[in-house]
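> Input: one structure, supplied below.
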Amino acid sequence: MFSSLKEKVGQVLLPGDEFLFEAENTISLTGHVKAEKVVCGPGLRRSGDRVLVCKSGVLRHKQPNMFWVDSQQRRYVPTKGESVIGIVTVKSGDVFKVDFGGSEQASLSYLAFEGATKRNRPNVQVGDLVFAQFLIANKDMEPELVCIDSSGRANGMGVLGGGGLLFRVSLGLVRRLLAPHSEVRSDLEKLFPCELVVGMNGRLWVRSSSIQQTLIIANLLQSCDTMTAPQRQELFRRVKQGAL
Amino acid sequence: MKDTPLSNCERDFLLKAIEEKKRLDGRQTYDYRKIKITFGSDYGCCFVDLGKTRVMAQVSCELVAPKENRPNEGIMFFNIELSPMASPAFEQSRQSELSVKLNRQLERCLRNSKCIDTESLCVVSGEKVWQIRVDVHMLNHDGNLMDAASIAAITALCHFRRPDVAIQGEEVTVYSPEERDTIPLSIYHMPISVSFSFFQQGTYLLVDPCELEERVMDGLLMIAMNKHREICSIQSSGGIMLLKEQVMRCSKIASVKVSEITELISKALQNDKKARKAGGKCGYAESMPQERITALKMDETPVEMTDVSERANDVVQKAKAPPQMVPSPVVPVPGVGQVGQGLKNSWGLEEEDEEQEEEEDSSGVEQAKRATKMEEEHHVKEESRAAVVEISDSEEEEVVILHPETPDKTPKNTRPVSHQKRAEKSKKKQKK
């Protein structure tokens with residue numbers, strides 16, 4: 001049934017491509033008809049008996065019937081549970097407004113920090129960076145961020161300390177960095193010791209021992225976006241020889 | 001849409017880096033980003049890439065009545081368009097402060113410096129002059145729009161050619177480019193703007209600021225200069241106090257930069273002229289397709305096809321008898337593509353035994369054909385809307401379904417089809 005989708009796995013698709021799933025001509029009345037469900041991830045959209053492609057990228061597949069398009073987009077759409085790096089833009093009363101690169105600003109309560117109480121307010125200034133995760137991310141509602149997990153622990157979230165550099169990469173690279181056995185990450189680990197915070201919204205924050213090294217890492221990661229693995233390894237090797 | 005706010009972290013880091021004489025993209029203090037000049041397919045269309053900043057300039061001309069106080073001078077008109085495509089902070093069709101500032105600066109740089117001979121644009125004194133219009137579109141904003149815009153505008157003006165005109169008595173004839181060669185504008189000199197940004201109240205100076213640097217800077221100095229080291233305009237904004245020595249130093253740097261850029265422009269113009277003379281691909285078609293995504297390209301995996309015939313036999317054997325024989329060719333439902341015409345078929349078998357095979361067991365073969373159909377249905381489905389609906393009585397025509405893929409697709413699929421068709425043909429011969 002979904003062989004047309006499976007056939008294209010690993011190939012580049014463009015917006016406007018479509019897959020047809022027509023009902024077969026003869027339906028056996030005796031045999032048991034099992035309904036097959038397909039899960040369309042980002043980049044695929046159902047329209048009647050067709051599946052439309054609405055992003056350009058590579059079609060991916062996960063067992064049993066999950067399909068999505070792996071694209072190099074930069075626009076972030078919030079999803080519940082994802083952690084992002086945001087910039088505090090407004091401090092009003094008991095909520096902060098946080099820009100995370102989406103279509104709307106998210107709200108962040110001052111109580112949603114580890115150890116924060118009504119008396120003990122967290123020290124957050126306008127322009128600060130916060131690493132937080134989405135508690136509410138609906139299509140039609142203002143998203144809400146929190147800097148604690150379900151047990152009230154910070155778990156690495158909160159205001160990012162002084163120093164370091166914020167820069168933007170594509171969402172595809174972020175996912176590659178966060179993958180369980182990421183090659184980009186392991187290549188980077190060999191280079192310099194550094195602190196790296198990866199937001200799912202395409203923002204990365206890097207801090208290392210010197211400004212020079214921070215700049216090198218930022219530029220390397222930004223150029224990684226459109227490189228193949230051998231190209232990247234070659235570049236990293238050259239940087240290591242030149243910089244050390 | 002509002003622009004992304006600037007975080008304290010970025011500001012602090014940038015200032016610290018500038019103190020250490022380092023810039024975000026690894027440039028030196030006085031370095032420009034990479035400048036790339038390309039031309040469109042038409043005369044007077046120019047694209048300038050300054051790092052990630054990208055600007056397009058288009059020059060056009062029109063015959064209009066001159067201004068009353070200057071009856072024998074042509075008119076120059078400059079327009080800067082900040083489209084939301086360049087940056088989400090720019091709004092469509094609204095004159096922002098930035099666009100007014102850029103427009104004014106470009107006018108001062110190119111019109112007030114009298115770099116173009118406006119008197120040569122006069123056709124009939126007091127009645128008809130050429131109006132030269134320069135539209136500058138920002139395509140991507142990564143800082144230093146002014147320099148990119150000034151380079152694009154002057155290059156487009158140098159590249160532009162206006163149609164020839166002839167005056168006979170009262171009559172003015174405009175010749176098309178086919179009838180008479182077009183005429184380039186007469187340009188005396190090429191003013192180019194160079195931007196300097198100042199940090200920490202003028203302590204640090206950077207040439208060609210990128211977007212982040214522009215946001216952090218305290219003040220900006222724009223010097224428009226030509227290669228003869230004549231300053232055409234100078235503007236300081238941001239409200240910082242500059243010392244005389246600083247301005248002198250900036251003008252010295254500007255003269256070096258301007259001579260470099262002028263050389264680049266003349267080289268680009270020469271190359272384009274050569275390309276156009278040779279009649280090869282020039283402009284748009286030649287310059288655009290270089291920005292491709294190559295990282296996602298995948299090699300096609302070769303498919304093992306030794307076991308194809310075995311698998312085919314498997315399918316034939318496993319197949320159950322069909323519910324009924326099809327005595328006549330089937331008329332397919334509209335919208336369903338079909339290979340062959342619903343007749344008997346044999347595939348995966350050698351052509352020699354086809355004939356006996358058919359006589360022996362047509363039903364089994366029929367089933368086998370269905371199996372093949374299933375296998376290639378995913379091809380057919382995509383095309384099925386466009387597929388031809390066959391009427392059964394025209395036996396001579398074959399339904400040919402064009403596959404969306406090129407023939408170098410998986411050979412596994414293509415082979416059975418060709419067999420099928422061959423079988424189809426041989427069958428027809430038999431019938432006759």
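Ordered as shown in the structure tokens, chains take letters A, B, and onward, while each chain numbers its residues from 1 and ligands are numbered from 1 in the order shown.
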Select from region 89-238 of chain A everything DSSP, run on the backbone, classes as strand (DSSP E or B), then give the selection as a PyMOL selection string.
chain A and resi 89-92+95-99+106-109+129-136+144-146+158-159+165-168+194-198+203-208
> Would you save the residues from that selection as a compact mmCIF listing (two decimals), in the first residue's frame, using N, CA and C atoms?

# COMPACT_ATOMS: atom_id res chain seq x y z
N THR A 89 12.94 39.16 26.29
CA THR A 89 12.74 40.47 25.67
C THR A 89 11.99 41.42 26.58
N VAL A 90 11.05 40.91 27.35
CA VAL A 90 10.24 41.78 28.21
C VAL A 90 10.15 41.15 29.60
N LYS A 91 10.21 42.01 30.60
CA LYS A 91 10.02 41.54 31.97
C LYS A 91 8.78 42.26 32.47
N SER A 92 7.67 41.54 32.56
CA SER A 92 6.46 42.25 32.98
C SER A 92 5.78 41.46 34.08
N VAL A 95 5.63 37.30 34.57
CA VAL A 95 6.08 36.48 33.44
C VAL A 95 7.14 37.23 32.63
N PHE A 96 8.02 36.45 32.03
CA PHE A 96 8.96 36.99 31.06
C PHE A 96 8.46 36.62 29.68
N LYS A 97 8.69 37.51 28.72
CA LYS A 97 8.44 37.16 27.32
C LYS A 97 9.77 36.74 26.72
N VAL A 98 9.74 35.60 26.02
CA VAL A 98 10.98 35.04 25.50
C VAL A 98 10.87 34.87 23.99
N ASP A 99 11.85 35.37 23.27
CA ASP A 99 11.91 35.17 21.82
C ASP A 99 12.70 33.91 21.55
N ALA A 106 7.18 33.43 23.48
CA ALA A 106 6.67 32.50 24.48
C ALA A 106 6.68 33.19 25.83
N SER A 107 5.85 32.69 26.76
CA SER A 107 5.88 33.26 28.10
C SER A 107 6.61 32.30 29.03
N LEU A 108 7.28 32.86 30.00
CA LEU A 108 8.06 32.07 30.95
C LEU A 108 7.79 32.64 32.33
N SER A 109 7.17 31.83 33.17
CA SER A 109 6.82 32.33 34.51
C SER A 109 8.07 32.43 35.38
N LEU A 129 19.99 35.06 28.01
CA LEU A 129 19.64 33.83 27.31
C LEU A 129 19.11 32.83 28.33
N VAL A 130 18.02 32.15 27.96
CA VAL A 130 17.52 31.07 28.83
C VAL A 130 17.43 29.79 28.01
N PHE A 131 17.78 28.70 28.67
CA PHE A 131 17.62 27.39 28.06
C PHE A 131 16.40 26.78 28.73
N ALA A 132 15.35 26.56 27.97
CA ALA A 132 14.09 26.13 28.57
C ALA A 132 13.37 25.17 27.66
N GLN A 133 12.37 24.49 28.23
CA GLN A 133 11.62 23.58 27.37
C GLN A 133 10.15 23.96 27.33
N PHE A 134 9.49 23.53 26.26
CA PHE A 134 8.10 23.92 26.07
C PHE A 134 7.17 23.09 26.94
N LEU A 135 6.32 23.78 27.67
CA LEU A 135 5.28 23.10 28.44
C LEU A 135 4.01 23.08 27.61
N ILE A 136 3.74 24.19 26.95
CA ILE A 136 2.57 24.28 26.07
C ILE A 136 3.07 24.75 24.72
N GLU A 144 4.28 28.24 26.08
CA GLU A 144 4.79 28.53 27.41
C GLU A 144 6.04 27.70 27.68
N LEU A 145 7.04 28.37 28.22
CA LEU A 145 8.31 27.72 28.51
C LEU A 145 8.45 27.51 30.01
N VAL A 146 9.22 26.49 30.39
CA VAL A 146 9.60 26.33 31.79
C VAL A 146 11.09 25.96 31.85
N GLY A 158 17.81 26.81 32.53
CA GLY A 158 17.93 28.04 33.29
C GLY A 158 18.66 29.11 32.50
N VAL A 159 19.07 30.16 33.20
CA VAL A 159 19.76 31.26 32.53
C VAL A 159 21.18 30.82 32.18
N LEU A 165 29.11 32.52 23.09
CA LEU A 165 28.59 33.14 21.87
C LEU A 165 27.35 32.40 21.42
N LEU A 166 26.35 33.18 21.02
CA LEU A 166 25.13 32.61 20.47
C LEU A 166 25.18 32.73 18.96
N PHE A 167 24.86 31.66 18.26
CA PHE A 167 24.77 31.76 16.80
C PHE A 167 23.71 30.80 16.31
N ARG A 168 23.37 30.93 15.03
CA ARG A 168 22.25 30.17 14.47
C ARG A 168 22.73 29.22 13.39
N CYS A 194 34.96 22.34 25.08
CA CYS A 194 34.07 23.49 25.04
C CYS A 194 32.73 23.13 25.64
N GLU A 195 31.98 24.17 25.98
CA GLU A 195 30.62 23.98 26.48
C GLU A 195 29.70 24.30 25.33
N LEU A 196 28.79 23.40 25.02
CA LEU A 196 27.89 23.62 23.89
C LEU A 196 26.47 23.38 24.35
N VAL A 197 25.61 24.37 24.16
CA VAL A 197 24.19 24.20 24.45
C VAL A 197 23.45 24.24 23.12
N VAL A 198 22.66 23.21 22.87
CA VAL A 198 21.98 23.09 21.59
C VAL A 198 20.49 23.27 21.79
N ARG A 203 19.37 27.49 17.56
CA ARG A 203 20.35 28.37 18.21
C ARG A 203 21.35 27.53 18.99
N LEU A 204 22.59 27.87 18.85
CA LEU A 204 23.64 27.18 19.60
C LEU A 204 24.37 28.20 20.44
N TRP A 205 24.78 27.77 21.61
CA TRP A 205 25.58 28.65 22.48
C TRP A 205 26.86 27.91 22.80
N VAL A 206 27.97 28.55 22.58
CA VAL A 206 29.27 27.91 22.76
C VAL A 206 30.11 28.75 23.71
N ARG A 207 30.80 28.07 24.61
CA ARG A 207 31.77 28.79 25.43
C ARG A 207 32.99 27.91 25.54
N SER A 208 34.13 28.47 25.27
CA SER A 208 35.36 27.72 25.50
C SER A 208 36.38 28.65 26.13
> Need the shell around Ala65 (chain B): protein/DNA/RNA residues with any atom at most 9 Å away, counting only C-alpha atoms. Skip same-chain ones fewer than 2 positions apart. Format as a ChimeraX atom specification?
/B:63,67-68,71,126-131
> Export C-alpha atoms of the chosen residues as a PDB file, in the first residue's frame?

ATOM      1  CA  LEU B  63      11.624  59.671 -22.438  1.00  0.00           C
ATOM      2  CA  LYS B  67      12.503  69.922 -15.326  1.00  0.00           C
ATOM      3  CA  GLU B  68      11.705  73.526 -16.037  1.00  0.00           C
ATOM      4  CA  PRO B  71      15.674  72.155 -19.785  1.00  0.00           C
ATOM      5  CA  GLY B 126      13.048  71.699 -23.059  1.00  0.00           C
ATOM      6  CA  GLU B 127      10.839  68.967 -24.485  1.00  0.00           C
ATOM      7  CA  LYS B 128      12.278  65.502 -24.257  1.00  0.00           C
ATOM      8  CA  VAL B 129      15.066  64.089 -22.136  1.00  0.00           C
ATOM      9  CA  TRP B 130      15.926  60.597 -20.925  1.00  0.00           C
ATOM     10  CA  GLN B 131      14.997  59.752 -17.399  1.00  0.00           C
TER      11      GLN B 131
END
> So, with only C-alpha atoms as the atoms that count, which of A:Val239, A:Val58, A:Val51, A:Leu111 lies closest to chain B?
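When distances to chain B are compared using only C-alpha atoms, the smallest one comes from A:Val58.
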> Mind checking which residues fall within 6 Å of region 8-13 of chain A, counting only C-alpha atoms, ignoring those fewer than 4 positions away in the same chain, and posting them as a list in words?
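These residues fall inside the cut-off: Ser56, Gly57, Val58, Leu59 and Arg60 of chain A.
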> Go ahead and write the residues just picked, C-alpha atoms, as a CSV table (one decimal), in the first residue's frame.

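again-v3.csv, written as the output of this step:
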chain,number,residue,atom,x,y,z
A,56,SER,CA,12.1,20.2,0.2
A,57,GLY,CA,14.4,17.6,1.6
A,58,VAL,CA,15.2,13.9,1.9
A,59,LEU,CA,12.4,11.5,2.6
A,60,ARG,CA,13.0,9.4,5.7
> To one decimal place in Å, what is the distance between CA of Gln58 (chain B) and CA of Ala149 (chain B)?
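Straight-line distance from CA of Gln58 (chain B) to CA of Ala149 (chain B) works out to 11.1 Å.
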> Apply DSSP to the structure's backbone, then extract all residues of region 45-188 of chain A labelled alpha helix (DSSP H) and return them as a count of residues only.
14
